[in-house]
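The next block is query.json, given as JSON, C-alpha atoms.
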```json
[["chain", "number", "residue", "atom", "x", "y", "z"],
["A", 1114, "PHE", "CA", -19.20, 95.12, 236.15],
["A", 1115, "ASN", "CA", -20.94, 98.26, 237.44],
["A", 1116, "ASN", "CA", -24.20, 96.30, 237.96],
["A", 1117, "LEU", "CA", -22.35, 93.52, 239.78],
["A", 1118, "ILE", "CA", -20.69, 95.95, 242.22],
["A", 1119, "SER", "CA", -23.99, 97.82, 242.60],
["A", 1120, "GLY", "CA", -25.70, 94.48, 243.30],
["A", 1121, "PHE", "CA", -23.37, 93.76, 246.21],
["A", 1122, "ILE", "CA", -23.97, 97.25, 247.59],
["A", 1123, "VAL", "CA", -27.76, 96.79, 247.29],
["A", 1124, "ILE", "CA", -27.62, 93.33, 248.89],
["A", 1125, "PHE", "CA", -25.46, 94.46, 251.83],
["A", 1126, "SER", "CA", -26.92, 97.92, 252.44],
["A", 1127, "ARG", "CA", -30.51, 96.57, 252.15],
["A", 1128, "PRO", "CA", -32.42, 99.74, 251.15],
["A", 1129, "PHE", "CA", -35.25, 97.31, 250.33],
["A", 1130, "LYS", "CA", -35.98, 93.61, 250.57],
["A", 1131, "VAL", "CA", -38.15, 91.06, 248.77],
["A", 1132, "ASN", "CA", -41.88, 91.93, 249.17],
["A", 1133, "ASP", "CA", -41.20, 95.62, 249.84],
["A", 1134, "ILE", "CA", -43.28, 98.06, 247.80],
["A", 1135, "VAL", "CA", -41.00, 100.47, 245.94],
["A", 1136, "ASP", "CA", -40.92, 103.18, 243.31],
["A", 1137, "VAL", "CA", -37.77, 103.72, 241.27],
["A", 1138, "MET", "CA", -37.69, 105.84, 238.12],
["A", 1139, "GLY", "CA", -41.49, 105.67, 237.88],
["A", 1140, "VAL", "CA", -41.58, 101.87, 238.14],
["A", 1141, "GLN", "CA", -43.87, 101.01, 241.05],
["A", 1142, "GLY", "CA", -44.53, 97.58, 242.47],
["A", 1143, "THR", "CA", -43.38, 94.79, 244.76],
["A", 1144, "VAL", "CA", -39.76, 93.62, 244.87],
["A", 1145, "GLU", "CA", -39.81, 90.00, 243.68],
["A", 1146, "ASP", "CA", -36.09, 89.16, 243.51],
["A", 1147, "ILE", "CA", -32.76, 90.83, 244.29],
["A", 1148, "GLY", "CA", -29.89, 89.38, 242.30],
["A", 1149, "SER", "CA", -26.23, 90.22, 242.05],
["A", 1150, "ARG", "CA", -26.75, 92.15, 238.76],
["A", 1151, "SER", "CA", -30.44, 93.10, 238.69],
["A", 1152, "THR", "CA", -33.63, 93.38, 240.74],
["A", 1153, "THR", "CA", -37.08, 92.27, 239.59],
["A", 1154, "ILE", "CA", -40.13, 94.36, 240.45],
["A", 1155, "LYS", "CA", -43.69, 93.10, 239.87],
["A", 1156, "THR", "CA", -45.70, 96.16, 238.80],
["A", 1157, "TRP", "CA", -49.33, 96.82, 239.77],
["A", 1158, "ASP", "CA", -50.28, 95.66, 236.28],
["A", 1159, "GLY", "CA", -48.64, 92.28, 236.89],
["A", 1160, "PHE", "CA", -45.57, 92.84, 234.72],
["A", 1161, "ASP", "CA", -42.07, 91.84, 235.82],
["A", 1162, "VAL", "CA", -39.64, 94.73, 235.32],
["A", 1163, "ILE", "CA", -35.97, 93.84, 235.59],
["A", 1164, "LEU", "CA", -33.82, 96.80, 236.56],
["A", 1165, "PRO", "CA", -30.03, 96.81, 236.67],
["A", 1166, "ASN", "CA", -28.91, 97.30, 240.27],
["A", 1167, "ARG", "CA", -26.96, 100.45, 239.40],
["A", 1168, "TYR", "CA", -30.35, 102.18, 238.89],
["A", 1169, "PHE", "CA", -31.00, 101.80, 242.62],
["A", 1170, "LEU", "CA", -27.77, 103.61, 243.47],
["A", 1171, "GLU", "CA", -28.01, 106.30, 240.78],
["A", 1172, "ASN", "CA", -31.68, 107.23, 241.27],
["A", 1173, "SER", "CA", -34.06, 108.09, 244.04],
["A", 1174, "VAL", "CA", -35.85, 105.04, 245.45],
["A", 1175, "THR", "CA", -39.07, 105.33, 247.44],
["A", 1176, "ASN", "CA", -39.60, 102.33, 249.71],
["A", 1177, "TRP", "CA", -43.21, 102.60, 250.88],
["A", 1178, "THR", "CA", -42.88, 99.68, 253.29],
["A", 1179, "LYS", "CA", -39.43, 100.05, 254.84],
["A", 1180, "SER", "CA", -40.55, 101.78, 258.03],
["A", 1181, "ASP", "CA", -44.26, 100.88, 258.12],
["A", 1182, "LEU", "CA", -47.07, 99.62, 255.94],
["A", 1183, "LYS", "CA", -49.28, 102.73, 256.03],
["A", 1184, "LYS", "CA", -49.82, 105.03, 253.08],
["A", 1185, "ARG", "CA", -51.63, 108.34, 253.09],
["A", 1186, "GLU", "CA", -54.19, 108.90, 250.35],
["A", 1187, "ILE", "CA", -55.96, 112.10, 249.32],
["A", 1188, "LEU", "CA", -59.41, 112.22, 247.74],
["A", 1189, "LYS", "CA", -60.43, 115.53, 246.16],
["A", 1190, "ILE", "CA", -64.09, 116.52, 245.88],
["A", 1191, "GLY", "CA", -65.75, 119.64, 244.49],
["A", 1192, "VAL", "CA", -69.22, 120.76, 245.55],
["A", 1193, "SER", "CA", -71.51, 123.53, 244.36],
["A", 1194, "TYR", "CA", -71.21, 127.00, 245.85],
["A", 1195, "ASP", "CA", -74.64, 126.78, 247.46],
["A", 1196, "ALA", "CA", -73.61, 123.79, 249.62],
["A", 1197, "ASP", "CA", -73.36, 124.07, 253.41],
["A", 1198, "THR", "CA", -69.59, 123.70, 253.88],
["A", 1199, "ARG", "CA", -69.82, 122.40, 257.45],
["A", 1200, "GLU", "CA", -72.36, 119.77, 256.39],
["A", 1201, "VAL", "CA", -70.16, 118.70, 253.46],
["A", 1202, "GLU", "CA", -67.16, 118.41, 255.78],
["A", 1203, "LYS", "CA", -69.17, 116.27, 258.24],
["A", 1204, "ILE", "CA", -70.50, 113.96, 255.49],
["A", 1205, "LEU", "CA", -67.05, 113.45, 253.98],
["A", 1206, "LEU", "CA", -65.50, 112.72, 257.37],
["A", 1207, "ASP", "CA", -68.27, 110.25, 258.26],
["A", 1208, "ILE", "CA", -67.75, 108.43, 254.96],
["A", 1209, "ALA", "CA", -63.98, 108.19, 255.48],
["A", 1210, "LYS", "CA", -64.34, 107.03, 259.08],
["A", 1211, "GLY", "CA", -66.97, 104.50, 258.07],
["A", 1212, "HIS", "CA", -64.90, 102.76, 255.41],
["A", 1213, "SER", "CA", -63.64, 99.42, 256.67],
["A", 1214, "GLN", "CA", -60.21, 99.78, 255.05],
["A", 1215, "VAL", "CA", -59.47, 103.33, 256.19],
["A", 1216, "LEU", "CA", -57.23, 103.21, 259.25],
["A", 1217, "LYS", "CA", -58.52, 104.64, 262.51],
["A", 1218, "ASN", "CA", -55.02, 105.75, 263.52],
["A", 1219, "PRO", "CA", -53.92, 108.12, 262.12],
["A", 1220, "ALA", "CA", -57.47, 109.36, 261.92],
["A", 1221, "PRO", "CA", -58.83, 110.64, 258.61],
["A", 1222, "PHE", "CA", -59.55, 114.35, 258.31],
["A", 1223, "VAL", "CA", -61.18, 116.73, 255.85],
["A", 1224, "ILE", "CA", -59.87, 120.07, 254.62],
["A", 1225, "PHE", "CA", -61.91, 122.79, 252.90],
["A", 1226, "ARG", "CA", -59.09, 123.51, 250.47],
["A", 1227, "ASN", "CA", -60.20, 126.38, 248.28],
["A", 1228, "PHE", "CA", -62.80, 128.45, 246.47],
["A", 1229, "GLY", "CA", -62.29, 127.01, 243.00],
["A", 1230, "ASP", "CA", -63.36, 128.36, 239.64],
["A", 1231, "SER", "CA", -66.39, 126.06, 239.48],
["A", 1232, "ALA", "CA", -66.61, 124.42, 242.90],
["A", 1233, "LEU", "CA", -65.85, 124.58, 246.59],
["A", 1234, "GLU", "CA", -62.85, 122.26, 246.86],
["A", 1235, "PHE", "CA", -62.51, 119.71, 249.67],
["A", 1236, "GLU", "CA", -59.90, 117.04, 250.36],
["A", 1237, "ILE", "CA", -60.18, 113.90, 252.47],
["A", 1238, "TYR", "CA", -56.87, 112.72, 253.96],
["A", 1239, "TYR", "CA", -56.83, 109.10, 255.10],
["A", 1240, "TRP", "CA", -54.43, 106.23, 255.59],
["A", 1241, "ILE", "CA", -54.59, 102.64, 254.37],
["A", 1242, "GLU", "CA", -52.67, 99.46, 255.15],
["A", 1243, "LEU", "CA", -50.64, 98.64, 252.01],
["A", 1244, "ARG", "CA", -50.65, 94.88, 252.50],
["A", 1245, "THR", "CA", -54.45, 94.63, 252.77],
["A", 1246, "SER", "CA", -55.84, 97.62, 250.87],
["A", 1247, "SER", "CA", -55.69, 99.21, 247.47],
["A", 1248, "GLY", "CA", -55.77, 103.00, 247.45],
["A", 1249, "LEU", "CA", -57.54, 102.93, 244.09],
["A", 1250, "LYS", "CA", -60.27, 100.61, 245.36],
["A", 1251, "VAL", "CA", -60.82, 102.51, 248.61],
["A", 1252, "SER", "CA", -61.06, 105.87, 246.82],
["A", 1253, "SER", "CA", -63.47, 104.38, 244.26],
["A", 1254, "ASP", "CA", -65.66, 102.95, 247.05],
["A", 1255, "MET", "CA", -65.72, 106.31, 248.78],
["A", 1256, "ARG", "CA", -66.59, 108.17, 245.55],
["A", 1257, "HIS", "CA", -69.61, 105.86, 245.06],
["A", 1258, "HIS", "CA", -70.70, 106.47, 248.64],
["A", 1259, "ILE", "CA", -70.15, 110.24, 248.38],
["A", 1260, "MET", "CA", -72.20, 110.40, 245.18],
["A", 1261, "ALA", "CA", -75.09, 108.50, 246.77],
["A", 1262, "VAL", "CA", -75.10, 110.64, 249.94],
["A", 1263, "PHE", "CA", -74.75, 113.92, 248.03],
["A", 1264, "GLN", "CA", -77.66, 112.96, 245.76],
["A", 1265, "ARG", "CA", -79.78, 112.06, 248.78],
["A", 1266, "GLU", "CA", -78.86, 115.31, 250.58],
["A", 1267, "GLY", "CA", -79.25, 117.52, 247.49],
["A", 1268, "ILE", "CA", -75.58, 118.52, 247.37],
["A", 1269, "GLY", "CA", -74.47, 119.25, 243.81],
["A", 1270, "ILE", "CA", -71.18, 118.25, 242.25],
["A", 1271, "PRO", "CA", -70.57, 120.92, 239.61],
["A", 1272, "PHE", "CA", -68.74, 120.70, 236.34],
["A", 1273, "PRO", "CA", -66.62, 123.54, 234.90],
["A", 1274, "GLN", "CA", -68.74, 126.34, 233.47],
["A", 1275, "ARG", "CA", -68.00, 129.75, 232.05],
["A", 1276, "ASP", "CA", -70.23, 132.79, 231.77],
["A", 1277, "ILE", "CA", -69.43, 134.90, 228.74],
["A", 1278, "HIS", "CA", -70.43, 138.55, 228.73],
["A", 1279, "ILE", "CA", -70.34, 140.23, 225.33],
["A", 1280, "ILE", "CA", -69.77, 143.95, 225.45],
["A", 1281, "ASN", "CA", -70.45, 145.84, 222.28],
["A", 1282, "ASP", "CA", -68.30, 148.98, 222.27],
["A", 1283, "ALA", "CA", -68.90, 149.77, 218.60],
["A", 1284, "PRO", "CA", -70.39, 153.21, 218.01],
["A", 1285, "LYS", "CA", -74.08, 153.09, 217.24],
["A", 1286, "ASN", "CA", -75.20, 154.10, 213.80],
["A", 1287, "PRO", "CA", -78.19, 156.42, 214.18],
["A", 1288, "GLU", "CA", -79.63, 155.14, 210.89],
["A", 1289, "ASN", "CA", -79.29, 151.47, 211.88],
["A", 1290, "PRO", "CA", -79.81, 151.12, 215.68]]
```
This entry written out as structure tokens:
Amino acid sequence: FNNLISGFIVIFSRPFKVNDIVDVMGVQGTVEDIGSRSTTIKTWDGFDVILPNRYFLENSVTNWTKSDLKKREILKIGVSYDADTREVEKILLDIAKGHSQVLKNPAPFVIFRNFGDSALEFEIYYWIELRTSSGLKVSSDMRHHIMAVFQREGIGIPFPQRDIHIINDAPKNPENP
């Protein structure tokens, strides 16, 4: 009975519609069907997940396509400490701007985020059109391009390293130095 009443509320209040891209309780995908008792979501892996409509009233629902079809993505990159930070920023921005599926408006931008333990940390912020682009595919394409350009330009991508300094505070034995 609760799902039936919830179904009428969902149908009439229309927080989402068929073909909207949603996230509810960690289930992400496209709304395939809205029934009186349940809603079917097609996940990114191609599975149909049937959720009772009460879940949509009792939990937070993110509708990525209700107001527009743009989604912001963030790509994190670490470079070696000997890299020219302004040059890295320029290269990353050129790569983002040059990708055919990265939107021109809002324009992508690059942030020099932090001095990390093993790398200088940068982030590329960019937007994609959800109906025509996959954030995973775009970020993968850009990683390939970044790797090729960094190799050509001699910019290193470090991996975590630790220097260990051993200090011997034991008293020295004069007979056994």
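For the set A:Asp1230, A:Ser1149, A:Asn1176, A:Val1201, the residue with the smallest atom-to-atom gap to Lys1130 in chain A is A:Asn1176, counting only C-alpha atoms.
Among A:His1258, A:Leu1243, A:Lys1155, A:Phe1169, the residue with the shortest atom-to-atom distance to Leu1206 in chain A, counting all atoms listed in the file, is A:His1258.
Taking CA of Ser1193 in chain A and CA of Ala1232 in chain A as the two end points, the separation is 5.2 Å.
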**Study point:** Using all atoms listed in the file: which of A:Arg1226, A:Lys1203, A:His1212, A:Arg1127 has the shortest distance to Lys1179 in chain A
**Key:** A:Arg1127
Review point. Interatomic distance between CA of Thr1153 in chain A and CA of Leu1249 in chain A?
Key: 23.5 Å
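Distance check against Ile1134 in chain A using all atoms listed in the file: of A:Arg1244, A:Lys1210, A:Asp1161, A:Gly1191, the minimum falls on A:Arg1244.
Around Ser1213 in chain A, within 10 Å and counting all atoms listed in the file, the residues found are Ile1241, Ser1246 and Val1251 of chain A, once anything fewer than 6 positions away on its own chain is removed.
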Keeping only C-alpha atoms, write those residues as a PDB file, in the frame of the given file.
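The result, written out as again_10.pdb:
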```
ATOM      1  CA  ILE A1241     -54.590 102.640 254.370  1.00  0.00           C
ATOM      2  CA  SER A1246     -55.840  97.620 250.870  1.00  0.00           C
ATOM      3  CA  VAL A1251     -60.820 102.510 248.610  1.00  0.00           C
TER       4      VAL A1251
END
```
